[in-house]
Amino acid sequence: ENRENKRAEFVRLGCRFEMLLPSCTTIFFSIAASAGRLSRASNTRRTFSAKAFCSSREAPIGWPGRGGWCRQFTAYPHSPYPRRPASTVSRASLSIRRMTAKDEDIVWSMLQLAAHEPSLESVRSQPQLLKYARSWGCREGDFGVVAEEDRRPVGAAWARLYSGDEKGLGHVDDDIPELAVAVVPGHQGKGVGSSLMRALISEARQLDYRALSLSCRTDNPALRLYQRLGFEAVAGSKVTNRVGGTSETYVLLLDEWS
């Protein structure tokens, strides 16, 4: 009799569980669906150009296909694969070309940036700045390069010979070109200036110049770039510049540059 009672009780419990099973199943799948939506929201797919990343300075040594891989692939926020920072300008989208006489307007706008002047009018009103851009490309010895992204100039480096009353703060010798370089604010610190300087140095070597010179404020962050490229300070060249700060002349011997 006890065995029959236990069997009946077991059957009743089984029936109750069977009645509750659909409700439990519904609750389980609801929780799972909610968790899945949260997981997908926190792990949103992001797409970027592998070619742009691999050709950028941030691409690590040994990255597969560095500099030549061209296809889109996806990465997740927690992926072990590095992603190119959004603020980095990829070299794949940057082009550098030679300057021509038609680029005088670019020289003026870049001179304004290099001189830290508020407007072109203020640049044109200062005789000590005029010589760096006036009639650029029309004089023998003028040469330079322009960096463009999507056909828009984002930087430039140019050089010309000066003598007599035109001698600037960076003058070393009449047959050594003095250079100037500028990069628009949104592209500074991303390797544009370095690419421009290397291209300009290459042009100077092809033109058989023995050296390049420049004048740089002692508190200018770009000074570190010039020193990495091999520019050395000229002894006794520190002077007070037009804004009351200190500038120094630097020279690069091209036959020693590599």
# chains A, B, ... in the order shown; residues from 1 in each chain; ligands from 1
call {"tool": "select_by_dssp", "arguments": {"residues": "region 63-222 of chain A", "states": "strand (DSSP E or B)", "output": "PyMOL selection string"}}
result
chain A and resi 72-75+94-98+143-149+152-160+178-183+211-217
call {"tool": "write_last_selection", "arguments": {"atoms": "C-alpha atoms", "output": "short mmCIF file (atom, residue, chain, number, x, y, z; two decimals), in the first residue's frame"}}
result
data_model
loop_
_atom_site.label_atom_id
_atom_site.label_comp_id
_atom_site.auth_asym_id
_atom_site.auth_seq_id
_atom_site.Cartn_x
_atom_site.Cartn_y
_atom_site.Cartn_z
CA GLN A 72 38.26 45.26 -45.79
CA PHE A 73 37.95 43.08 -42.73
CA THR A 74 36.06 43.31 -39.46
CA ALA A 75 37.26 43.50 -35.89
CA LEU A 94 48.40 60.69 -48.32
CA SER A 95 50.22 61.71 -51.48
CA ILE A 96 53.25 63.95 -51.87
CA ARG A 97 54.04 65.75 -55.09
CA ARG A 98 56.50 68.37 -56.31
CA PHE A 143 61.84 73.78 -55.03
CA GLY A 144 59.38 72.14 -52.70
CA VAL A 145 56.81 69.43 -52.07
CA VAL A 146 53.12 69.39 -51.14
CA ALA A 147 51.29 66.77 -49.08
CA GLU A 148 47.71 66.17 -50.16
CA GLU A 149 44.87 64.09 -48.79
CA ARG A 152 43.45 68.86 -50.48
CA PRO A 153 46.80 70.31 -49.31
CA VAL A 154 47.51 69.33 -45.71
CA GLY A 155 51.16 70.38 -45.57
CA ALA A 156 54.10 71.67 -47.55
CA ALA A 157 57.87 72.04 -47.37
CA TRP A 158 59.75 74.38 -49.65
CA ALA A 159 63.17 75.97 -50.00
CA ARG A 160 64.90 78.77 -51.86
CA GLU A 178 66.83 77.73 -46.45
CA LEU A 179 63.68 75.70 -45.98
CA ALA A 180 60.29 76.20 -44.38
CA VAL A 181 57.70 73.57 -43.53
CA ALA A 182 54.14 73.59 -42.22
CA VAL A 183 51.33 71.10 -41.60
CA ALA A 211 73.26 71.22 -47.42
CA LEU A 212 69.93 72.57 -46.22
CA SER A 213 69.31 75.07 -43.45
CA LEU A 214 66.39 76.26 -41.37
CA SER A 215 65.58 78.51 -38.46
CA CYS A 216 63.57 77.05 -35.60
CA ARG A 217 62.25 78.46 -32.36
#
call {"tool": "atom_distance", "arguments": {"atom1": "CA of Leu229 (chain A)", "atom2": "CA of Leu252 (chain A)"}}
result
8.2 Å
call {"tool": "residues_around", "arguments": {"residues": "Glu121 (chain A)", "least_positions_apart": "3", "cutoff": "12 Å", "atoms": "only C-alpha atoms", "output": "PyMOL selection string"}}
result
chain A and resi 108-109+111-112+117-118+124-127+129-130
call {"tool": "write_last_selection", "arguments": {"atoms": "C-alpha atoms", "output": "CSV table (one decimal), in the first residue's frame"}}
result
chain,number,residue,atom,x,y,z
A,108,TRP,CA,51.3,81.7,-48.7
A,109,SER,CA,48.8,79.7,-46.6
A,111,LEU,CA,53.8,80.3,-44.5
A,112,GLN,CA,51.0,81.7,-42.3
A,117,GLU,CA,50.2,84.5,-37.9
A,118,PRO,CA,46.5,85.0,-37.6
A,124,ARG,CA,52.0,90.1,-46.3
A,125,SER,CA,52.5,93.1,-44.1
A,126,GLN,CA,55.8,91.9,-42.7
A,127,PRO,CA,58.9,92.3,-45.0
A,129,LEU,CA,58.2,87.1,-44.1
A,130,LEU,CA,57.5,88.2,-47.7
call {"tool": "atom_distance", "arguments": {"atom1": "CA of Tyr250 (chain A)", "atom2": "CA of Ser163 (chain A)"}}
result
17.4 Å
call {"tool": "closest_residue", "arguments": {"among": "A:Pro177, A:Gly245, A:Gly137, A:Gly193", "to": "Tyr226 (chain A)", "atoms": "only C-alpha atoms"}}
result
A:Gly193
call {"tool": "residues_around", "arguments": {"residues": "Gly230 (chain A)", "least_positions_apart": "2", "cutoff": "12 Å", "atoms": "only C-alpha atoms", "output": "compact mmCIF listing (two decimals) with C-alpha atoms, in the first residue's frame"}}
result
# COMPACT_ATOMS: atom_id res chain seq x y z
CA MET A 197 60.96 66.68 -44.86
CA ARG A 198 62.30 63.43 -46.27
CA ILE A 201 65.74 66.37 -48.60
CA ALA A 211 73.26 71.22 -47.42
CA LEU A 212 69.93 72.57 -46.22
CA SER A 213 69.31 75.07 -43.45
CA LEU A 223 62.70 70.68 -33.37
CA ARG A 224 62.79 67.01 -32.30
CA LEU A 225 61.92 65.98 -35.86
CA TYR A 226 64.70 68.12 -37.34
CA GLN A 227 67.23 66.65 -34.94
CA ARG A 228 66.13 63.09 -35.73
CA GLU A 232 72.58 70.22 -36.16
CA ALA A 233 72.62 73.63 -34.49
CA TYR A 250 70.18 74.37 -37.98
CA VAL A 251 71.97 72.80 -40.93
CA LEU A 252 71.89 69.37 -42.54
CA LEU A 253 74.86 68.16 -44.59
CA LEU A 254 73.32 66.17 -47.43
CA ASP A 255 76.37 64.06 -48.26
CA GLU A 256 76.16 62.60 -44.73
CA TRP A 257 72.38 62.04 -44.79
CA SER A 258 70.86 58.64 -45.36
call {"tool": "closest_residue", "arguments": {"among": "A:Ser119, A:Thr246, A:Ala114, A:Leu161", "to": "Lys131 (chain A)", "atoms": "only C-alpha atoms"}}
result
A:Leu161
call {"tool": "atom_distance", "arguments": {"atom1": "CA of Arg134 (chain A)", "atom2": "CA of Glu248 (chain A)"}}
result
23.6 Å
call {"tool": "select_by_dssp", "arguments": {"residues": "region 150-252 of chain A", "states": "alpha helix (DSSP H)", "output": "JSON, numbers by chain"}}
result
{"A": [192, 193, 194, 195, 196, 197, 198, 199, 200, 201, 202, 203, 204, 205, 206, 223, 224, 225, 226, 227, 228, 229]}
call {"tool": "write_last_selection", "arguments": {"atoms": "N, CA and C atoms", "output": "PDB file, in the first residue's frame"}}
result
ATOM      1  N   VAL A 192      53.080  63.434 -41.169  1.00  0.00           N
ATOM      2  CA  VAL A 192      53.046  64.217 -42.401  1.00  0.00           C
ATOM      3  C   VAL A 192      54.302  65.071 -42.526  1.00  0.00           C
ATOM      4  N   GLY A 193      54.669  65.736 -41.446  1.00  0.00           N
ATOM      5  CA  GLY A 193      55.858  66.579 -41.472  1.00  0.00           C
ATOM      6  C   GLY A 193      57.113  65.784 -41.779  1.00  0.00           C
ATOM      7  N   SER A 194      57.230  64.609 -41.193  1.00  0.00           N
ATOM      8  CA  SER A 194      58.390  63.759 -41.455  1.00  0.00           C
ATOM      9  C   SER A 194      58.451  63.348 -42.926  1.00  0.00           C
ATOM     10  N   SER A 195      57.306  62.965 -43.494  1.00  0.00           N
ATOM     11  CA  SER A 195      57.270  62.576 -44.906  1.00  0.00           C
ATOM     12  C   SER A 195      57.644  63.748 -45.808  1.00  0.00           C
ATOM     13  N   LEU A 196      57.160  64.933 -45.470  1.00  0.00           N
ATOM     14  CA  LEU A 196      57.489  66.120 -46.255  1.00  0.00           C
ATOM     15  C   LEU A 196      58.982  66.429 -46.205  1.00  0.00           C
ATOM     16  N   MET A 197      59.547  66.366 -45.010  1.00  0.00           N
ATOM     17  CA  MET A 197      60.964  66.684 -44.865  1.00  0.00           C
ATOM     18  C   MET A 197      61.839  65.692 -45.626  1.00  0.00           C
ATOM     19  N   ARG A 198      61.508  64.428 -45.550  1.00  0.00           N
ATOM     20  CA  ARG A 198      62.299  63.428 -46.267  1.00  0.00           C
ATOM     21  C   ARG A 198      62.192  63.624 -47.789  1.00  0.00           C
ATOM     22  N   ALA A 199      60.990  63.972 -48.239  1.00  0.00           N
ATOM     23  CA  ALA A 199      60.817  64.218 -49.673  1.00  0.00           C
ATOM     24  C   ALA A 199      61.599  65.452 -50.114  1.00  0.00           C
ATOM     25  N   LEU A 200      61.602  66.495 -49.292  1.00  0.00           N
ATOM     26  CA  LEU A 200      62.333  67.718 -49.635  1.00  0.00           C
ATOM     27  C   LEU A 200      63.838  67.459 -49.632  1.00  0.00           C
ATOM     28  N   ILE A 201      64.315  66.698 -48.653  1.00  0.00           N
ATOM     29  CA  ILE A 201      65.736  66.368 -48.599  1.00  0.00           C
ATOM     30  C   ILE A 201      66.140  65.573 -49.839  1.00  0.00           C
ATOM     31  N   SER A 202      65.279  64.649 -50.255  1.00  0.00           N
ATOM     32  CA  SER A 202      65.555  63.875 -51.460  1.00  0.00           C
ATOM     33  C   SER A 202      65.640  64.783 -52.690  1.00  0.00           C
ATOM     34  N   GLU A 203      64.735  65.765 -52.760  1.00  0.00           N
ATOM     35  CA  GLU A 203      64.776  66.715 -53.881  1.00  0.00           C
ATOM     36  C   GLU A 203      66.069  67.514 -53.861  1.00  0.00           C
ATOM     37  N   ALA A 204      66.479  67.976 -52.687  1.00  0.00           N
ATOM     38  CA  ALA A 204      67.708  68.772 -52.580  1.00  0.00           C
ATOM     39  C   ALA A 204      68.932  67.966 -53.019  1.00  0.00           C
ATOM     40  N   ARG A 205      68.961  66.695 -52.684  1.00  0.00           N
ATOM     41  CA  ARG A 205      70.086  65.851 -53.091  1.00  0.00           C
ATOM     42  C   ARG A 205      70.105  65.656 -54.599  1.00  0.00           C
ATOM     43  N   GLN A 206      68.913  65.489 -55.194  1.00  0.00           N
ATOM     44  CA  GLN A 206      68.851  65.336 -56.643  1.00  0.00           C
ATOM     45  C   GLN A 206      69.295  66.605 -57.363  1.00  0.00           C
ATOM     46  N   LEU A 223      61.246  70.736 -33.478  1.00  0.00           N
ATOM     47  CA  LEU A 223      62.699  70.679 -33.373  1.00  0.00           C
ATOM     48  C   LEU A 223      63.178  69.232 -33.201  1.00  0.00           C
ATOM     49  N   ARG A 224      62.400  68.421 -32.491  1.00  0.00           N
ATOM     50  CA  ARG A 224      62.788  67.013 -32.302  1.00  0.00           C
ATOM     51  C   ARG A 224      62.843  66.273 -33.636  1.00  0.00           C
ATOM     52  N   LEU A 225      61.908  66.597 -34.534  1.00  0.00           N
ATOM     53  CA  LEU A 225      61.915  65.979 -35.862  1.00  0.00           C
ATOM     54  C   LEU A 225      63.172  66.368 -36.621  1.00  0.00           C
ATOM     55  N   TYR A 226      63.509  67.656 -36.623  1.00  0.00           N
ATOM     56  CA  TYR A 226      64.696  68.117 -37.345  1.00  0.00           C
ATOM     57  C   TYR A 226      65.959  67.429 -36.824  1.00  0.00           C
ATOM     58  N   GLN A 227      66.043  67.288 -35.511  1.00  0.00           N
ATOM     59  CA  GLN A 227      67.232  66.648 -34.941  1.00  0.00           C
ATOM     60  C   GLN A 227      67.288  65.165 -35.284  1.00  0.00           C
ATOM     61  N   ARG A 228      66.148  64.501 -35.336  1.00  0.00           N
ATOM     62  CA  ARG A 228      66.133  63.091 -35.735  1.00  0.00           C
ATOM     63  C   ARG A 228      66.600  62.916 -37.174  1.00  0.00           C
ATOM     64  N   LEU A 229      66.287  63.896 -38.015  1.00  0.00           N
ATOM     65  CA  LEU A 229      66.677  63.827 -39.414  1.00  0.00           C
ATOM     66  C   LEU A 229      68.153  64.158 -39.621  1.00  0.00           C
TER      67      LEU A 229
END
call {"tool": "closest_residue", "arguments": {"among": "A:Ser135, A:Ser122, A:Ser247, A:Asn220", "to": "Asp105 (chain A)", "atoms": "only C-alpha atoms"}}
result
A:Ser135
call {"tool": "decode", "arguments": {"residues": "region 137-152 of chain A", "atoms": "all heavy atoms", "output": "mmCIF file, in the first residue's frame"}}
result
data_model
loop_
_atom_site.group_PDB
_atom_site.id
_atom_site.type_symbol
_atom_site.label_atom_id
_atom_site.label_comp_id
_atom_site.auth_asym_id
_atom_site.auth_seq_id
_atom_site.Cartn_x
_atom_site.Cartn_y
_atom_site.Cartn_z
ATOM 1 N N GLY A 137 58.480 79.967 -57.004
ATOM 2 C CA GLY A 137 58.496 79.134 -58.197
ATOM 3 C C GLY A 137 58.986 79.848 -59.433
ATOM 4 O O GLY A 137 59.214 79.221 -60.471
ATOM 5 N N CYS A 138 59.136 81.157 -59.347
ATOM 6 C CA CYS A 138 59.585 81.940 -60.497
ATOM 7 C C CYS A 138 61.077 82.252 -60.427
ATOM 8 O O CYS A 138 61.623 82.819 -61.375
ATOM 9 C CB CYS A 138 58.786 83.242 -60.582
ATOM 10 S SG CYS A 138 57.016 82.992 -60.825
ATOM 11 N N ARG A 139 61.700 81.910 -59.307
ATOM 12 C CA ARG A 139 63.123 82.159 -59.154
ATOM 13 C C ARG A 139 63.911 80.879 -59.307
ATOM 14 O O ARG A 139 63.448 79.797 -58.942
ATOM 15 C CB ARG A 139 63.401 82.757 -57.762
ATOM 16 C CG ARG A 139 63.094 84.225 -57.681
ATOM 17 C CD ARG A 139 63.167 84.773 -56.275
ATOM 18 N NE ARG A 139 64.232 84.222 -55.450
ATOM 19 C CZ ARG A 139 64.533 84.718 -54.242
ATOM 20 N NH1 ARG A 139 63.866 85.769 -53.768
ATOM 21 N NH2 ARG A 139 65.492 84.177 -53.521
ATOM 22 N N GLU A 140 65.101 81.016 -59.845
ATOM 23 C CA GLU A 140 65.976 79.852 -59.967
ATOM 24 C C GLU A 140 66.355 79.343 -58.581
ATOM 25 O O GLU A 140 66.728 80.113 -57.696
ATOM 26 C CB GLU A 140 67.238 80.230 -60.747
ATOM 27 C CG GLU A 140 68.169 79.060 -61.003
ATOM 28 C CD GLU A 140 69.393 79.452 -61.803
ATOM 29 O OE1 GLU A 140 69.497 80.635 -62.190
ATOM 30 O OE2 GLU A 140 70.253 78.566 -62.023
ATOM 31 N N GLY A 141 66.228 78.061 -58.405
ATOM 32 C CA GLY A 141 66.571 77.471 -57.112
ATOM 33 C C GLY A 141 65.379 77.177 -56.228
ATOM 34 O O GLY A 141 65.537 76.547 -55.185
ATOM 35 N N ASP A 142 64.181 77.629 -56.629
ATOM 36 C CA ASP A 142 62.988 77.313 -55.833
ATOM 37 C C ASP A 142 62.601 75.851 -56.024
ATOM 38 O O ASP A 142 62.506 75.359 -57.163
ATOM 39 C CB ASP A 142 61.809 78.196 -56.260
ATOM 40 C CG ASP A 142 61.969 79.644 -55.816
ATOM 41 O OD1 ASP A 142 62.953 79.940 -55.106
ATOM 42 O OD2 ASP A 142 61.120 80.471 -56.186
ATOM 43 N N PHE A 143 62.356 75.148 -54.942
ATOM 44 C CA PHE A 143 61.843 73.779 -55.029
ATOM 45 C C PHE A 143 61.083 73.455 -53.747
ATOM 46 O O PHE A 143 61.295 74.082 -52.693
ATOM 47 C CB PHE A 143 62.972 72.769 -55.267
ATOM 48 C CG PHE A 143 63.967 72.636 -54.145
ATOM 49 C CD1 PHE A 143 63.877 71.600 -53.217
ATOM 50 C CD2 PHE A 143 65.014 73.549 -54.016
ATOM 51 C CE1 PHE A 143 64.799 71.473 -52.194
ATOM 52 C CE2 PHE A 143 65.941 73.428 -52.997
ATOM 53 C CZ PHE A 143 65.838 72.390 -52.078
ATOM 54 N N GLY A 144 60.180 72.497 -53.861
ATOM 55 C CA GLY A 144 59.375 72.138 -52.699
ATOM 56 C C GLY A 144 58.459 70.974 -52.990
ATOM 57 O O GLY A 144 58.389 70.464 -54.112
ATOM 58 N N VAL A 145 57.744 70.552 -51.958
ATOM 59 C CA VAL A 145 56.809 69.433 -52.067
ATOM 60 C C VAL A 145 55.529 69.776 -51.302
ATOM 61 O O VAL A 145 55.550 70.555 -50.339
ATOM 62 C CB VAL A 145 57.418 68.124 -51.509
ATOM 63 C CG1 VAL A 145 58.512 67.604 -52.416
ATOM 64 C CG2 VAL A 145 57.940 68.322 -50.093
ATOM 65 N N VAL A 146 54.421 69.187 -51.754
ATOM 66 C CA VAL A 146 53.115 69.394 -51.135
ATOM 67 C C VAL A 146 52.535 68.048 -50.729
ATOM 68 O O VAL A 146 52.584 67.086 -51.512
ATOM 69 C CB VAL A 146 52.142 70.103 -52.098
ATOM 70 C CG1 VAL A 146 50.782 70.327 -51.428
ATOM 71 C CG2 VAL A 146 52.712 71.424 -52.578
ATOM 72 N N ALA A 147 51.991 67.968 -49.530
ATOM 73 C CA ALA A 147 51.293 66.771 -49.079
ATOM 74 C C ALA A 147 49.796 66.999 -49.267
ATOM 75 O O ALA A 147 49.267 68.034 -48.842
ATOM 76 C CB ALA A 147 51.602 66.478 -47.615
ATOM 77 N N GLU A 148 49.134 66.047 -49.889
ATOM 78 C CA GLU A 148 47.708 66.174 -50.161
ATOM 79 C C GLU A 148 46.969 64.938 -49.666
ATOM 80 O O GLU A 148 47.467 63.817 -49.772
ATOM 81 C CB GLU A 148 47.445 66.359 -51.656
ATOM 82 C CG GLU A 148 47.995 67.653 -52.214
ATOM 83 C CD GLU A 148 47.726 67.806 -53.699
ATOM 84 O OE1 GLU A 148 47.734 66.775 -54.405
ATOM 85 O OE2 GLU A 148 47.521 68.948 -54.151
ATOM 86 N N GLU A 149 45.781 65.177 -49.153
ATOM 87 C CA GLU A 149 44.874 64.093 -48.789
ATOM 88 C C GLU A 149 43.533 64.376 -49.459
ATOM 89 O O GLU A 149 42.953 65.450 -49.258
ATOM 90 C CB GLU A 149 44.693 63.981 -47.281
ATOM 91 C CG GLU A 149 43.866 62.763 -46.888
ATOM 92 C CD GLU A 149 43.694 62.655 -45.384
ATOM 93 O OE1 GLU A 149 43.715 63.698 -44.715
ATOM 94 O OE2 GLU A 149 43.529 61.531 -44.886
ATOM 95 N N ASP A 150 43.075 63.433 -50.262
ATOM 96 C CA ASP A 150 41.848 63.637 -51.038
ATOM 97 C C ASP A 150 41.946 64.919 -51.869
ATOM 98 O O ASP A 150 40.994 65.702 -51.950
ATOM 99 C CB ASP A 150 40.620 63.697 -50.129
ATOM 100 C CG ASP A 150 40.416 62.392 -49.370
ATOM 101 O OD1 ASP A 150 40.760 61.334 -49.931
ATOM 102 O OD2 ASP A 150 39.947 62.430 -48.220
ATOM 103 N N ARG A 151 43.144 65.148 -52.429
ATOM 104 C CA ARG A 151 43.430 66.296 -53.306
ATOM 105 C C ARG A 151 43.373 67.643 -52.582
ATOM 106 O O ARG A 151 43.315 68.689 -53.220
ATOM 107 C CB ARG A 151 42.470 66.314 -54.502
ATOM 108 C CG ARG A 151 42.588 65.073 -55.387
ATOM 109 C CD ARG A 151 41.708 65.180 -56.616
ATOM 110 N NE ARG A 151 41.840 63.980 -57.456
ATOM 111 C CZ ARG A 151 41.188 63.819 -58.600
ATOM 112 N NH1 ARG A 151 40.372 64.772 -59.028
ATOM 113 N NH2 ARG A 151 41.352 62.719 -59.284
ATOM 114 N N ARG A 152 43.403 67.625 -51.270
ATOM 115 C CA ARG A 152 43.449 68.859 -50.480
ATOM 116 C C ARG A 152 44.821 68.975 -49.829
ATOM 117 O O ARG A 152 45.293 68.012 -49.213
ATOM 118 C CB ARG A 152 42.360 68.860 -49.408
ATOM 119 C CG ARG A 152 40.949 68.910 -49.951
ATOM 120 C CD ARG A 152 39.925 68.937 -48.829
ATOM 121 N NE ARG A 152 39.941 67.709 -48.053
ATOM 122 C CZ ARG A 152 40.456 67.588 -46.848
ATOM 123 N NH1 ARG A 152 41.047 68.620 -46.257
ATOM 124 N NH2 ARG A 152 40.417 66.428 -46.215
#
